[in-house]
Amino acid sequence: MNELAKVEKNSLVAAIHSGNFDVEVPFRREIFLLHTGIAGCQFRENIKEIAAEIKEGDTLTLKREPDNEYDKLAILVLDPKGRIMGYVPMKDNKVIARLLDAGKNIYAIFGIKHYDNNEELSKEVLNNVDFERKNGERITKRNNWFDYRIDIFMRD
């Protein structure tokens, strides 16, 4: 009676004990938290390369940067290749930072990229082409100024 039961190699009990299984949790939800931008893109040297590669719907990683000298609640936004794009804006990072610190699964989905909130100007800037505004004022190569929009989610 005191003998241990033999666990079958491919049984559910064996999988649970080994930890080598990937089972979808019932009722797992994706919860929308916030629609915001990415701050500081214009300071990234590789932003042109990232802009050329990133597309709507890409999943972005959010990573806390608690040692940031300007903002103790700083949250880095990383592209799918792990390159820094910028930060969640300070005005929007308080709750998100605390959720990340608590170990919650928080991520962002890339929305759109704008220049001055104008799609036509965005196309010109993304193509690295000089262009003129309607009033004739010449604007040249301001391709480091992007307005990236992201949606931030939590998976519980």
# chains A, B, ... in the order shown; residues from 1 in each chain; ligands from 1

$ select_by_dssp --residues "region 56-112 of chain A" --states "alpha helix (DSSP H)" --output "PDB file with N, CA and C atoms, in the first residue's frame"
ATOM      1  N   ASN A  93       3.286  56.447 -18.133  1.00  0.00           N
ATOM      2  CA  ASN A  93       4.006  55.253 -17.698  1.00  0.00           C
ATOM      3  C   ASN A  93       3.799  54.819 -16.249  1.00  0.00           C
ATOM      4  N   LYS A  94       3.122  55.587 -15.444  1.00  0.00           N
ATOM      5  CA  LYS A  94       3.041  55.283 -14.013  1.00  0.00           C
ATOM      6  C   LYS A  94       2.405  53.925 -13.715  1.00  0.00           C
ATOM      7  N   VAL A  95       1.238  53.684 -14.214  1.00  0.00           N
ATOM      8  CA  VAL A  95       0.539  52.420 -13.947  1.00  0.00           C
ATOM      9  C   VAL A  95       1.229  51.266 -14.670  1.00  0.00           C
ATOM     10  N   ILE A  96       1.635  51.506 -15.922  1.00  0.00           N
ATOM     11  CA  ILE A  96       2.283  50.445 -16.703  1.00  0.00           C
ATOM     12  C   ILE A  96       3.569  49.993 -16.014  1.00  0.00           C
ATOM     13  N   ALA A  97       4.369  50.943 -15.502  1.00  0.00           N
ATOM     14  CA  ALA A  97       5.617  50.603 -14.815  1.00  0.00           C
ATOM     15  C   ALA A  97       5.346  49.734 -13.595  1.00  0.00           C
ATOM     16  N   ARG A  98       4.323  50.070 -12.844  1.00  0.00           N
ATOM     17  CA  ARG A  98       4.013  49.294 -11.639  1.00  0.00           C
ATOM     18  C   ARG A  98       3.512  47.893 -11.994  1.00  0.00           C
ATOM     19  N   LEU A  99       2.761  47.774 -13.073  1.00  0.00           N
ATOM     20  CA  LEU A  99       2.327  46.444 -13.526  1.00  0.00           C
ATOM     21  C   LEU A  99       3.526  45.599 -13.969  1.00  0.00           C
ATOM     22  N   LEU A 100       4.452  46.211 -14.711  1.00  0.00           N
ATOM     23  CA  LEU A 100       5.663  45.489 -15.114  1.00  0.00           C
ATOM     24  C   LEU A 100       6.478  45.066 -13.896  1.00  0.00           C
ATOM     25  N   ASP A 101       6.611  45.971 -12.924  1.00  0.00           N
ATOM     26  CA  ASP A 101       7.350  45.655 -11.697  1.00  0.00           C
ATOM     27  C   ASP A 101       6.709  44.507 -10.932  1.00  0.00           C
TER      28      ASP A 101
END

$ atom_distance --atom1 "CA of Val77 (chain A)" --atom2 "CA of Thr61 (chain A)"
5.9 Å

$ residues_around --residues "Arg29 (chain A)" --least-positions-apart "4" --cutoff "9 Å" --atoms "only C-alpha atoms" --output "list of chain:residue names"
A:Met154, A:Arg155, A:Asp156

$ write_last_selection --atoms "C-alpha atoms" --output "short mmCIF file (atom, residue, chain, number, x, y, z; two decimals), in the first residue's frame"
data_model
loop_
_atom_site.label_atom_id
_atom_site.label_comp_id
_atom_site.auth_asym_id
_atom_site.auth_seq_id
_atom_site.Cartn_x
_atom_site.Cartn_y
_atom_site.Cartn_z
CA MET A 154 -1.82 43.08 -20.53
CA ARG A 155 -2.32 39.37 -20.80
CA ASP A 156 -3.73 37.85 -17.63
#

$ closest_residue --among "A:Ala74, A:Ile152, A:Ile112, A:Ala102" --to "Thr36 (chain A)" --atoms "only C-alpha atoms"
A:Ile152

$ closest_residue --among "A:Asp151, A:Leu73, A:Gly57, A:Lys63" --to "Lys91 (chain A)" --atoms "only C-alpha atoms"
A:Leu73

$ closest_residue --among "A:Ile109, A:Leu34, A:Asp147, A:Arg44" --to "Glu56 (chain A)" --atoms "only C-alpha atoms"
A:Ile109

$ closest_residue --among "A:Lys72, A:Arg83, A:Arg64, A:Arg149" --to "Glu45 (chain A)" --atoms "only C-alpha atoms"
A:Arg83

$ closest_residue --among "A:Ile54, A:Met85, A:Met90, A:Leu60" --to "Cys41 (chain A)" --atoms "only C-alpha atoms"
A:Met85

$ closest_residue --among "A:Tyr87, A:Tyr70, A:Phe110, A:Phe32" --to "Glu53 (chain A)" --atoms "only C-alpha atoms"
A:Phe110

$ atom_distance --atom1 "CA of Phe43 (chain A)" --atom2 "CA of Lys55 (chain A)"
20.3 Å

$ atom_distance --atom1 "CA of Ile31 (chain A)" --atom2 "CA of Ala108 (chain A)"
11.2 Å
